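In what follows, a structure is listed as structure tokens, so that the remarks can point back to it.
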Amino acid sequence: MVTFLSADLSDKNWKLLAGLFALTGAASALWGLGEFVVSRTQSNGPIIDPNTWAAINNLFFFTCLALYLTASKRYRYVVLAGLFVFSAAVFAAFSRAGLLVFFAALVFSLVIGIRAEKIRTRLLPVMVVVAISFTLVHSLAGGWEEARQGRETGFSLDTGGWQSRVLQWQGAIEIYKDYPLFGSGLGTFKAHYPTVRTIEDLGTAGNFAHNDYVQMLSEGGPLLVLFVGAFVSLLVYGLIVQSFRLAWRQSEDVEPFLLIIAMGTALVHALMNFPLYQIQIQMMLGLLFARYIGLTGLIRWRRTTIRSPRLTRGAIVFGSIVIGAMPVLDAVSTDLVLNHKRIPIVSRIGDNFYTYRDTILFLRSVRSDNWMNRHAMSTIYRQTFDEQDDPAVRRGLAIAAAIECQEAIRLNPFILGIRSYCAEFLAQNSWLQDVEGIDVTAEGLLRDGVEIAPVDIESYLELADFLKSVGREQEAYRILVDEALPYINLKHGNYHEKRYELSLRVLRGARARNDESALERLMGLL
């Protein structure tokens with residue numbers, strides 16, 4: 001979409017838009033540099049991963065380099081300051097991949113770009129700025145090892161960071177095998193990864209595969225990877241052509257060459273991190289690609305004539321309203337159901353039960369395939385059920401609550417909290433199992449939750465509690481020892497608290513049964 005909207009911009013307007021985008025990158029870079037100056041340790045800015053933050057700064061550095069070498073003298077020093085900020089941010093990330101990508105791209109750019117006589121004298125200030133930023137960052141940190149504070153400092157493939165990545169890549173491939181045609185769905189890696197995660201992967205939360213191409217294969221299948229592969233192939237071909245033209249002095253225009261270098265930094269980082277899942281990088285790639293295809297003549301402009309402009313405008317407006325209304329309605333649902341209170345007017349709706357109920361009823365009608373709306377309706381029915389004395393009314397409300405909860409789970413099976421909520425209600429009202437249309441059971445919901453997210457200890461604890469409540473204490477104990485205990489060291493949601501609870505329950509159960517084997521396993525894992 002960004003490429004489509006900006007492909008027809010004039011030279012002046014494109015540079016203005018690129019400059020405005022660079023301001024967002026500068027905010028991110030200065031954020032991280034501020035953290036670095038205070039802590040003198042590896043920084044990641046507003047991004048959770050320092051390697052991905054380094055990818056963002058690499059992308060903006062080489063975008064600024066393209067702007068610097070083509071900008072008028074009036075703005076050259078401003079862009080040079082941007083080069084200093086972004087290069088310093090790359091160094092402050094202390095990312096092994098970030099440094100390799102930065103210096104490889106910079107050296108290649110200098111070697112090829114120096115052949116263009118008209119920009120040769122401008123390259124010296126760039127090298128000076130990079131040298132100063134590198135010296136300042138490393139002198140403040142006191143060295144690579146000190147900045148990383150005991151983290152792995154080498155580039156060996158035997159280190160834990162690389163091994164963890166390989167395990168995540170293997171997990172993504174396993175997910176893809178279950179969904180070979182169209183993938184598991186965009187953004188679902190985090191939800192599916194616990195089902196294939198191995199006990200050896202102890203160091204990450206499993207949010208990303210740390211290889212965007214492998215993750216895109218698992219989430220979008222071959223079609224998505226083919227699309228991205230075509231984009232990469234086009235840029236590789238362009239890089240070869242532009243490099244030869246500059247090297248043999250067939251052209252003095254370095255901008256297309258540097259635009260490919262800038263985009264290439266993010267695409268190379270995507271082999272080992274998750275930069276393509278950051279919207280800032282997505283939009284920058286779209287903007288740079290629009291400029292590239294405009295400069296190289298890969299597109300031809302053709303003016304179209306619309307015979308019914310009013311009807312066309314009306315259809316566009318109506319379609320935009322329909323499409324735009326869905327995320328707005330879902331945002332209202334999120335704010336109400338999850339009680340975020342981020343939307344000023346909406347935040348007050350929940351203060352009155354009847355207003356809240358009527359709003360959820362409306363949202364449930366127009367967005368019935370939103371799991372939050374179905375869960376909210378289930379909660380309303382259940383609350384009303386608790387307040388009623390009439391048996392017939394209570395029966396109807398209980399059935400409605402169970403069906404809405406069942407539908408919420410069907411729409412989003414990965415929200416474990418709803419499973420617990422629904423299982424508790426079904427266990428309290430066992431007669432619901434005989435009602436037509438209710439095809440889930442309390443035990444089934446909890447066991448499915450364990451299978452979906454085996455890394456989450458909470459699921460095992462809740463299943464054990466249910467089994468104990470129905471008199472199956474030995475089975476509950478074996479669930480904790482045989483199924484939950486192997487995952488005690490894996491990161492998950494409420495890690496420390498639930499890890500302690502699981503340890504305590506296994507310890508007490510093993511002592512009561514004189515189970516020395518379970519005690520030895522527990523002590524060996526802690």
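How things are named: the first chain in the structure tokens is A, the next is B, and so on; residues count from 1 in each chain; ligands count from 1 in the order shown.
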
Original post:
Near A:Arg76, within 12 Å and counting only C-alpha atoms, which residues show up once chain neighbours fewer than 6 positions away are dropped, as a ChimeraX atom specification?
Top reply: /A:64-70,82-83,122,125-126

Original post:
Within 12 Å of A:Leu502, counting only C-alpha atoms, which residues qualify if same-chain residues fewer than 2 places away don't, as a PyMOL selection string?
Top reply: chain A and resi 456-462+464-465+477+479-481+483-489+494-500+504-510+522+526

Original post:
Can you tell me, as a ChimeraX atom specification, what residues are no more than 8 Å from stretch 365-376 of chain A when counting only C-alpha atoms, ignoring any on the same chain fewer than 5 positions away?
Top reply: /A:326,329-330,333-334,337,360,404-405,407-409,411-412,418

Original post:
What gap, in Å, lies between atom CA of A:Ser95 and atom CA of A:Asn51?
Top reply: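 Atom-to-atom, atom CA of A:Ser95 to atom CA of A:Asn51, that is 5.3 Å.
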
Subject >> A:Pro275 environment, 10 Å, only C-alpha atoms, sequence neighbours closer than 6 positions dropped, as a PyMOL selection string >> reply: chain A and resi 49+51-56+210-212+265-269+281-282

Would you export the selected residues with C-alpha atoms as a PDB file, in the first residue's frame, please?
ATOM      1  CA  ASP A  49      15.275  -7.532  20.521  1.00  0.00           C
ATOM      2  CA  ASN A  51      19.261  -7.462  16.758  1.00  0.00           C
ATOM      3  CA  THR A  52      15.956  -6.322  15.260  1.00  0.00           C
ATOM      4  CA  TRP A  53      16.570  -2.803  16.546  1.00  0.00           C
ATOM      5  CA  ALA A  54      19.962  -2.916  14.816  1.00  0.00           C
ATOM      6  CA  ALA A  55      18.143  -3.929  11.608  1.00  0.00           C
ATOM      7  CA  ILE A  56      15.897  -0.854  11.858  1.00  0.00           C
ATOM      8  CA  HIS A 210      13.979 -15.538  14.301  1.00  0.00           C
ATOM      9  CA  ASN A 211      13.968 -16.157  10.545  1.00  0.00           C
ATOM     10  CA  ASP A 212      11.229 -14.294   8.745  1.00  0.00           C
ATOM     11  CA  THR A 265      20.070  -4.816   5.015  1.00  0.00           C
ATOM     12  CA  ALA A 266      16.580  -5.595   6.349  1.00  0.00           C
ATOM     13  CA  LEU A 267      16.209  -8.596   4.054  1.00  0.00           C
ATOM     14  CA  VAL A 268      19.537 -10.044   5.210  1.00  0.00           C
ATOM     15  CA  HIS A 269      18.674  -9.405   8.864  1.00  0.00           C
ATOM     16  CA  ILE A 281      10.390  -1.591   8.441  1.00  0.00           C
ATOM     17  CA  GLN A 282       7.455  -2.753   6.323  1.00  0.00           C
TER      18      GLN A 282
END

Can you tell me which residues surround A:Glu436 at a distance of at most 12 Å, considering only C-alpha atoms, apart from same-chain residues fewer than 4 positions away, and format the answer as a compact mmCIF listing (two decimals) with N, CA, C and O atoms, in the first residue's frame?
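What follows is the written file result.txt:
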# COMPACT_ATOMS: atom_id res chain seq x y z
N ILE A 399 -27.45 -22.24 29.51
CA ILE A 399 -27.25 -22.77 28.16
C ILE A 399 -26.63 -21.70 27.25
O ILE A 399 -25.68 -21.96 26.50
N ALA A 400 -27.16 -20.48 27.35
CA ALA A 400 -26.64 -19.38 26.52
C ALA A 400 -25.18 -19.09 26.87
O ALA A 400 -24.34 -18.87 25.98
N ALA A 402 -22.95 -21.17 28.13
CA ALA A 402 -22.10 -22.27 27.69
C ALA A 402 -21.89 -22.23 26.18
O ALA A 402 -20.77 -22.45 25.68
N ILE A 403 -22.95 -21.93 25.42
CA ILE A 403 -22.83 -21.89 23.97
C ILE A 403 -21.94 -20.73 23.53
O ILE A 403 -21.09 -20.88 22.64
N TRP A 431 -25.18 -30.94 34.13
CA TRP A 431 -26.34 -31.25 33.32
C TRP A 431 -26.24 -30.62 31.92
O TRP A 431 -26.92 -31.08 30.98
N LEU A 432 -25.38 -29.62 31.77
CA LEU A 432 -25.22 -28.97 30.47
C LEU A 432 -24.66 -29.93 29.41
O LEU A 432 -24.85 -29.71 28.21
N VAL A 440 -18.82 -29.82 24.25
CA VAL A 440 -17.54 -29.80 24.96
C VAL A 440 -17.77 -30.23 26.40
O VAL A 440 -18.87 -30.09 26.94

Original post:
Between A:Ile415, A:Met283, A:Met272, A:Leu136, which one has atoms that come closest to A:Gln168, using only C-alpha atoms?
Top reply: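 Counting only C-alpha atoms, the residue closest to A:Gln168 is A:Met272.
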
Subject >> Non-local contacts of A:Ala427 (10 Å; only C-alpha atoms; under 2 positions in same chain excluded) as a list in words >> reply: Cys422, Ala423, Glu424, Phe425, Asn429, Ser430, Trp431, Leu432, Gln433, Thr441, Ala442, Glu443, Phe466, Ser469 and Val470 of chain A

For the residues in the current selection, export N, CA, C and O atoms as a CSV table (one decimal), in the first residue's frame.
chain,number,residue,atom,x,y,z
A,422,CYS,N,-14.7,-21.6,31.1
A,422,CYS,CA,-15.8,-22.4,30.6
A,422,CYS,C,-15.8,-23.8,31.3
A,422,CYS,O,-16.9,-24.3,31.6
A,423,ALA,N,-14.6,-24.3,31.5
A,423,ALA,CA,-14.5,-25.6,32.1
A,423,ALA,C,-15.1,-25.6,33.6
A,423,ALA,O,-15.8,-26.5,34.0
A,424,GLU,N,-14.8,-24.5,34.3
A,424,GLU,CA,-15.3,-24.3,35.6
A,424,GLU,C,-16.8,-24.3,35.6
A,424,GLU,O,-17.5,-24.9,36.5
A,425,PHE,N,-17.4,-23.6,34.7
A,425,PHE,CA,-18.9,-23.4,34.6
A,425,PHE,C,-19.5,-24.8,34.3
A,425,PHE,O,-20.5,-25.2,34.8
A,429,ASN,N,-22.1,-27.2,36.5
A,429,ASN,CA,-23.4,-27.5,36.0
A,429,ASN,C,-23.3,-28.6,35.0
A,429,ASN,O,-23.4,-28.5,33.8
A,430,SER,N,-23.1,-29.8,35.6
A,430,SER,CA,-22.8,-31.0,34.7
A,430,SER,C,-24.0,-31.4,33.8
A,430,SER,O,-23.8,-32.0,32.8
A,431,TRP,N,-25.2,-30.9,34.1
A,431,TRP,CA,-26.3,-31.2,33.3
A,431,TRP,C,-26.2,-30.6,31.9
A,431,TRP,O,-26.9,-31.1,31.0
A,432,LEU,N,-25.4,-29.6,31.8
A,432,LEU,CA,-25.2,-29.0,30.5
A,432,LEU,C,-24.7,-29.9,29.4
A,432,LEU,O,-24.9,-29.7,28.2
A,433,GLN,N,-24.0,-31.0,29.9
A,433,GLN,CA,-23.4,-31.9,28.9
A,433,GLN,C,-24.5,-32.7,28.1
A,433,GLN,O,-24.2,-33.2,27.0
A,441,THR,N,-16.7,-30.8,27.0
A,441,THR,CA,-16.8,-31.1,28.4
A,441,THR,C,-15.7,-30.4,29.2
A,441,THR,O,-14.7,-29.9,28.6
A,442,ALA,N,-15.8,-30.3,30.5
A,442,ALA,CA,-14.9,-29.6,31.3
A,442,ALA,C,-13.5,-30.3,31.2
A,442,ALA,O,-12.5,-29.6,30.9
A,443,GLU,N,-13.4,-31.6,31.3
A,443,GLU,CA,-12.2,-32.3,31.1
A,443,GLU,C,-11.6,-32.2,29.7
A,443,GLU,O,-10.4,-32.0,29.5
A,466,PHE,N,-8.9,-30.2,38.5
A,466,PHE,CA,-10.2,-30.8,38.1
A,466,PHE,C,-10.3,-32.3,38.4
A,466,PHE,O,-11.2,-32.8,39.0
A,469,SER,N,-10.7,-32.8,42.0
A,469,SER,CA,-12.1,-32.5,42.5
A,469,SER,C,-13.1,-33.6,42.2
A,469,SER,O,-14.1,-33.7,42.8
A,470,VAL,N,-12.8,-34.4,41.2
A,470,VAL,CA,-13.7,-35.5,40.9
A,470,VAL,C,-13.2,-36.9,41.4
A,470,VAL,O,-13.7,-37.9,41.0

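We find atom CA of A:Ser6 and atom CA of A:Val78 to be spaced 23.2 Å apart.
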
Subject >> Selected residue, from A:Ala262, A:Leu217, A:Leu463, A:Ile316, that lies nearest to A:Asn57 when counting only C-alpha atoms >> reply: A:Ala262

**OP:** Step one, run DSSP on the backbone; step two, keep only residues of stretch 167-367 of chain A assigned to helix (DSSP H, G or I); then write them as an MDAnalysis selection string.
**Re:** chainID A and resid 167:178 189:196 212:247 255:269 275:277 279:296 309:337 346:351 353:366

**OP:** Extract, using only C-alpha atoms, all DNA, RNA and protein residues at most 12 Å from A:Pro194, discarding same-chain residues fewer than 3 positions from it, and format them as JSON, numbers by chain.
**Re:** {"A": [168, 171, 172, 174, 175, 188, 189, 190, 191, 197, 198, 199, 201, 202, 204, 205, 206, 207, 208, 209, 414, 449, 450, 451, 452, 453, 454, 455, 456, 457, 487, 490, 491, 492, 493]}
